[in-house]
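Below is query.cif, which holds mmCIF, C-alpha atoms and all ligand atoms.
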```cif
data_final
loop_
_atom_site.label_atom_id
_atom_site.label_comp_id
_atom_site.auth_asym_id
_atom_site.auth_seq_id
_atom_site.Cartn_x
_atom_site.Cartn_y
_atom_site.Cartn_z
CA MET J 4 -30.43 101.49 73.20
CA LEU J 5 -29.66 98.98 70.50
CA GLU J 6 -32.28 96.22 70.36
CA VAL J 7 -30.56 92.85 70.04
CA ARG J 8 -33.69 91.70 68.21
CA ASP J 9 -36.16 93.65 66.16
CA PRO J 10 -39.28 93.68 68.45
CA GLU J 11 -41.51 92.44 65.61
CA LEU J 12 -39.13 89.60 64.85
CA LYS J 13 -38.99 88.75 68.55
CA ASP J 14 -42.82 88.69 68.78
CA PHE J 15 -42.97 86.52 65.67
CA ILE J 16 -40.47 84.02 67.11
CA ASP J 17 -42.23 84.12 70.51
CA SER J 18 -45.54 83.30 68.83
CA TRP J 19 -44.14 79.84 67.97
CA HIS J 20 -43.05 79.12 71.51
CA LYS J 21 -44.41 75.82 72.82
CA PRO J 22 -44.28 75.48 76.61
CA VAL J 23 -43.04 72.21 78.08
CA ASP J 24 -46.48 71.73 79.69
CA ASP J 25 -49.40 73.68 81.15
CA GLU J 26 -47.63 74.12 84.50
CA MET J 27 -44.61 75.79 82.87
CA ALA J 28 -46.91 77.95 80.76
CA ALA J 29 -48.73 79.10 83.92
CA LEU J 30 -45.45 79.76 85.76
CA ARG J 31 -44.07 81.80 82.84
CA ARG J 32 -47.30 83.86 82.72
CA SER J 33 -47.24 84.58 86.44
CA ASP J 34 -43.49 85.40 86.53
CA GLU J 35 -43.88 87.72 83.54
CA SER J 36 -46.92 89.51 84.97
CA ASP J 37 -45.22 89.92 88.39
CA GLY J 38 -41.99 91.22 86.83
CA VAL J 39 -39.96 88.27 88.12
CA PRO J 40 -36.76 87.72 86.09
CA LEU J 41 -36.77 84.51 84.05
CA ILE J 42 -35.21 83.17 80.88
CA LEU J 43 -36.63 84.50 77.62
CA THR J 44 -38.48 82.08 75.35
CA GLU J 45 -35.62 82.00 72.80
CA THR J 46 -33.19 81.16 75.60
CA GLU J 47 -35.55 78.40 76.71
CA SER J 48 -35.61 76.93 73.18
CA VAL J 49 -31.82 76.79 72.97
CA LEU J 50 -31.57 75.25 76.46
CA ARG J 51 -34.19 72.62 75.63
CA LEU J 52 -32.37 71.65 72.44
CA LEU J 53 -29.04 71.35 74.27
CA LEU J 54 -30.60 69.38 77.14
CA ASP J 55 -32.26 67.01 74.71
CA MET J 56 -28.97 66.38 72.89
CA LYS J 57 -26.78 66.20 75.97
CA LYS J 58 -29.12 64.44 78.41
CA PRO J 59 -27.18 65.68 81.45
CA LEU J 60 -27.38 63.89 84.78
CA ARG J 61 -26.03 66.60 87.08
CA ILE J 62 -27.07 70.16 86.35
CA LEU J 63 -25.83 73.26 88.16
CA GLU J 64 -27.58 76.63 87.90
CA LEU J 65 -26.42 79.99 89.24
CA GLY J 66 -29.43 82.30 89.66
CA THR J 67 -32.73 80.64 90.63
CA ALA J 68 -35.17 83.58 90.99
CA HIS J 69 -38.61 81.91 91.35
CA GLY J 70 -37.33 78.64 89.94
CA TYR J 71 -38.63 78.69 86.36
CA SER J 72 -35.40 77.53 84.69
CA ALA J 73 -34.59 75.05 87.49
CA LEU J 74 -38.03 73.48 86.97
CA LEU J 75 -37.43 73.46 83.22
CA PHE J 76 -34.20 71.50 83.78
CA ALA J 77 -35.96 69.06 86.11
CA LYS J 78 -38.88 68.51 83.76
CA CYS J 79 -36.75 68.17 80.60
CA CYS J 80 -34.22 65.83 82.26
CA PRO J 81 -36.17 63.32 84.36
CA ASP J 82 -32.95 61.42 85.28
CA ALA J 83 -31.03 64.48 86.41
CA VAL J 84 -30.39 66.09 89.77
CA VAL J 85 -30.53 69.89 89.61
CA THR J 86 -28.53 72.08 91.97
CA THR J 87 -29.54 75.74 91.90
CA ILE J 88 -28.19 78.74 93.82
CA ASP J 89 -29.68 82.11 94.78
CA ARG J 90 -28.83 84.64 97.47
CA ASN J 91 -31.94 86.79 97.43
CA PRO J 92 -34.39 86.09 100.30
CA GLY J 93 -37.07 87.87 98.28
CA MET J 94 -36.81 85.07 95.70
CA THR J 95 -35.96 81.97 97.68
CA ASP J 96 -39.30 81.43 99.47
CA TYR J 97 -41.15 81.60 96.15
CA ALA J 98 -38.68 79.26 94.50
CA ARG J 99 -38.97 76.70 97.29
CA ALA J 100 -42.78 76.90 97.15
CA ASN J 101 -42.71 76.38 93.38
CA PHE J 102 -40.41 73.35 93.66
CA GLU J 103 -42.90 71.78 96.11
CA LYS J 104 -45.96 72.83 94.13
CA TYR J 105 -44.59 71.26 90.94
CA ARG J 106 -43.44 68.11 92.80
CA GLU J 107 -39.73 68.58 92.11
CA GLY J 108 -38.68 69.40 95.70
CA THR J 109 -36.66 66.20 96.11
CA ARG J 110 -34.79 66.37 92.78
CA ILE J 111 -33.81 70.04 93.11
CA ASP J 112 -30.97 70.73 95.54
CA PHE J 113 -31.65 74.36 96.39
CA ARG J 114 -28.69 76.22 97.93
CA ILE J 115 -29.19 79.66 99.39
CA GLY J 116 -26.24 82.03 99.55
CA GLU J 117 -23.66 83.97 97.56
CA ALA J 118 -22.91 81.95 94.44
CA SER J 119 -19.17 82.25 94.99
CA ASP J 120 -19.41 80.83 98.54
CA VAL J 121 -21.82 78.08 97.56
CA LEU J 122 -19.52 77.07 94.68
CA ASP J 123 -16.66 76.67 97.19
CA GLU J 124 -18.95 74.58 99.40
CA LEU J 125 -19.99 72.38 96.46
CA SER J 126 -16.37 71.98 95.40
CA ARG J 127 -15.44 70.70 98.86
CA GLU J 128 -18.38 68.29 98.83
CA ILE J 129 -17.48 66.97 95.37
CA SER J 130 -13.81 66.44 96.18
CA SER J 131 -14.62 64.57 99.39
CA SER J 132 -17.36 62.45 97.81
CA SER J 133 -16.66 58.82 96.95
CA GLY J 134 -18.76 58.79 93.74
CA ASP J 135 -18.45 61.08 90.72
CA ARG J 136 -20.69 64.05 91.53
CA ARG J 137 -19.27 66.42 88.91
CA PHE J 138 -21.65 68.53 86.83
CA ASP J 139 -22.18 67.90 83.12
CA PHE J 140 -24.35 70.96 82.43
CA VAL J 141 -24.05 74.42 83.96
CA PHE J 142 -26.29 77.44 83.46
CA ILE J 143 -24.87 80.79 84.60
CA ASP J 144 -27.61 83.41 85.09
CA ALA J 145 -26.50 85.40 88.18
CA GLU J 146 -24.40 88.52 88.86
CA LYS J 147 -23.27 89.69 85.43
CA SER J 148 -19.93 91.14 86.57
CA HIS J 149 -18.81 87.79 88.06
CA TYR J 150 -19.11 85.44 85.10
CA ARG J 151 -15.37 84.80 84.86
CA GLU J 152 -15.09 83.90 88.53
CA PHE J 153 -18.20 81.72 88.25
CA LEU J 154 -16.91 79.90 85.16
CA ASP J 155 -13.48 79.29 86.71
CA LYS J 156 -15.02 77.88 89.88
CA CYS J 157 -17.54 75.75 87.99
CA GLU J 158 -14.87 74.37 85.68
CA THR J 159 -13.13 72.58 88.53
CA MET J 160 -16.40 70.74 89.24
CA CYS J 161 -17.32 69.81 85.67
CA THR J 162 -16.90 66.64 83.64
CA ASP J 163 -14.54 66.86 80.65
CA ASP J 164 -17.41 67.07 78.18
CA ALA J 165 -19.66 69.44 80.13
CA PHE J 166 -21.62 72.27 78.56
CA VAL J 167 -21.68 75.69 80.22
CA VAL J 168 -24.36 78.10 79.03
CA CYS J 169 -24.09 81.76 80.06
CA ASP J 170 -27.14 84.01 79.73
CA ASN J 171 -27.38 87.77 79.03
CA ILE J 172 -23.99 88.07 77.43
CA LEU J 173 -25.16 90.92 75.16
CA LEU J 174 -26.70 92.88 78.05
CA LYS J 175 -29.62 94.24 76.01
CA GLY J 176 -27.22 95.29 73.26
CA TRP J 177 -25.16 97.55 75.53
CA LEU J 178 -22.12 95.47 74.79
CA ILE J 179 -22.30 96.71 71.22
CA GLU J 180 -23.67 100.21 71.71
CA CYS J 181 -23.12 101.60 75.20
CA GLU J 182 -24.48 105.14 74.84
CA GLY J 183 -27.18 106.67 77.05
CA LYS J 184 -28.12 106.89 80.71
CA GLU J 185 -29.12 103.24 81.20
CA ALA J 186 -25.93 101.96 79.60
CA ARG J 187 -23.90 104.29 81.84
CA ARG J 188 -25.66 102.81 84.89
CA HIS J 189 -24.54 99.35 83.79
CA ARG J 190 -21.01 100.29 82.74
CA THR J 191 -19.38 97.97 85.30
CA ASN J 192 -21.36 94.98 84.01
CA ILE J 193 -20.57 95.98 80.41
CA LYS J 194 -16.85 96.22 81.18
CA TYR J 195 -16.75 92.84 82.93
CA MET J 196 -18.91 91.12 80.31
CA ARG J 197 -16.58 92.36 77.54
CA GLN J 198 -13.61 91.04 79.52
CA PHE J 199 -15.43 87.74 80.02
CA LEU J 200 -16.04 87.34 76.28
CA GLU J 201 -12.39 88.14 75.55
CA TYR J 202 -11.35 85.61 78.19
CA ILE J 203 -13.45 82.71 76.91
CA SER J 204 -12.74 83.38 73.25
CA GLY J 205 -9.00 83.65 73.98
CA ARG J 206 -8.85 80.24 75.64
CA GLU J 207 -7.62 77.55 73.25
CA ASP J 208 -9.13 74.79 75.37
CA LEU J 209 -12.72 76.01 75.04
CA ASP J 210 -15.21 75.76 72.19
CA VAL J 211 -17.29 78.92 72.40
CA THR J 212 -20.47 79.70 70.45
CA ILE J 213 -22.05 83.14 70.85
CA LEU J 214 -25.75 83.28 70.01
CA SER J 215 -27.88 86.41 69.71
CA GLY J 216 -31.13 84.66 70.74
CA GLY J 217 -32.84 86.09 73.83
CA ASP J 218 -30.42 88.48 75.53
CA GLY J 219 -27.42 86.70 74.05
CA LEU J 220 -26.00 83.35 75.08
CA ALA J 221 -22.50 81.92 75.25
CA VAL J 222 -22.42 78.14 74.88
CA ILE J 223 -19.08 76.77 76.09
CA ARG J 224 -17.64 73.26 75.82
CA PHE J 225 -14.39 72.21 77.38
CA ARG J 226 -11.89 70.64 75.00
CA LYS J 227 -10.03 68.53 77.52
C1 LIG A 301 -32.12 86.52 86.03
S1 LIG A 301 -32.49 85.91 87.61
C2 LIG A 301 -32.51 84.16 87.36
C3 LIG A 301 -33.68 83.67 86.57
C4 LIG A 301 -33.81 82.15 86.53
N1 LIG A 301 -32.60 81.54 86.01
C5 LIG A 301 -35.00 81.74 85.67
O1 LIG A 301 -34.88 81.79 84.44
O2 LIG A 301 -36.05 81.37 86.23
C6 LIG A 301 -30.97 86.13 88.44
C7 LIG A 301 -30.99 85.63 89.90
O3 LIG A 301 -29.63 85.56 90.30
C8 LIG A 301 -29.55 85.89 91.68
N2 LIG A 301 -28.17 86.33 91.93
C9 LIG A 301 -27.53 87.39 91.35
N3 LIG A 301 -26.27 87.45 91.77
C10 LIG A 301 -26.08 86.42 92.64
C11 LIG A 301 -24.97 85.97 93.42
N4 LIG A 301 -23.79 86.60 93.38
N5 LIG A 301 -25.14 84.89 94.19
C12 LIG A 301 -26.34 84.24 94.23
N6 LIG A 301 -27.42 84.62 93.52
C13 LIG A 301 -27.29 85.70 92.73
C14 LIG A 301 -30.58 86.99 91.85
O4 LIG A 301 -31.03 87.04 93.20
C15 LIG A 301 -31.69 86.57 90.88
O5 LIG A 301 -32.71 85.87 91.54
#
```

Could I get this structure in the form of structure tokens?
Amino acid sequence: MLEVRDPELKDFIDSWHKPVDDEMAALRRSDESDGVPLILTETESVLRLLLDMKKPLRILELGTAHGYSALLFAKCCPDAVVTTIDRNPGMTDYARANFEKYREGTRIDFRIGEASDVLDELSREISSSSGDRRFDFVFIDAEKSHYREFLDKCETMCTDDAFVVCDNILLKGWLIECEGKEARRHRTNIKYMRQFLEYISGREDLDVTILSGGDGLAVIRFRK
């Protein structure tokens, strides 16, 4: 497998990581020791920088797990409402408990279900709402073979100047070098992720930045 980052370089960069606060540091430690999926520290740094510049008010996340990134959004953007979606009952109880424990239960709108279905539900709510409830920041971190569908559905619910950040776009380097047993196991994700990158980079109305930090990020801005 091709390492997206030299492990020593990754450790060096990680050693400079500053958690948002002690609570986030504790949550990262417990997620990492329990093998719960969560954003890598480099991904967190990029998200924090973008959030600080953009100051979004309505954030949408696909893929909650135990709620680390949703809590990060809530803590970094005290004026924002965060909507986050997950379908896995093994994750959702923990996430809900974490949102309560870290006192963000009321600002995080936690939707349980298939992302695609919940996006349809949100779209209906937004179009029938009297105020502007569109999202100005979206983080896609769910089923890797569905990014195009997710982006297309999110786009209809975004403001003209929204940011969409997609995680894991390099799939541990398999997108570049897809030899070996593990890569073969993920060949469907690899195929769809390649198609997704071709799709976003081929669209004239999107500004797309591909970053190699973490497991690879695509930062998309609409040029409407
Ligand atoms: C990488 S984890 C998310 C980590 C989280 N963003 C964090 O950093 O704390 C991906 C999550 O997406 C959820 N997921 C994957 N595909 C999904 C789908 N189609 N609909 C809803 N949730 C999905 C999984 O259950 C899993 O909890």

Checklist entry - Residues at most 10 Å from ligand LIG 301 (chain A), using only C-alpha atoms and all ligand atoms? Could they come as an MDAnalysis selection string? => result chainID J and resid 30:31 34 39:44 46:47 64:75 87:95 98 114:122 142:150 153 170:171

Checklist entry - Pick the closest to J:Arg197 from J:Arg151, J:Gly216, J:Val222, J:Lys57: which is it, counting all atoms listed in the file? => result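 Using all atoms listed in the file, the shortest distance to J:Arg197 belongs to J:Arg151.
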
Next on the checklist: Report, in Å with one decimal, the straight-line distance from atom CA of J:Leu200 to atom CA of J:Ala186.
Outcome noted: 18.0 Å

Next on the checklist: Between atom CA of J:Ser48 and atom CA of J:Leu60, what distance in Å does the model show, to one decimal?
Outcome noted: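 Atom-to-atom, atom CA of J:Ser48 and atom CA of J:Leu60 are spaced 19.3 Å apart.
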
Checklist entry - How many Å lie between atom CA of J:Ile193 and atom CA of J:Leu50, rounded to one decimal? => result 23.8 Å

Item to check | Residue nearest J:Met27 - candidates J:Tyr97, J:Thr162, J:Tyr195, J:Phe102, atoms counted: all atoms listed in the file | outcome: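 For J:Met27, the nearest of the given residues is J:Phe102.
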
Next on the checklist: Which residue is closest to J:Pro81? Choose from J:Arg51, J:Arg110, J:Arg99, J:Arg32 and count all atoms listed in the file.
Outcome noted: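 Looking only at the distances to J:Pro81, the closest residue turns out to be J:Arg110.
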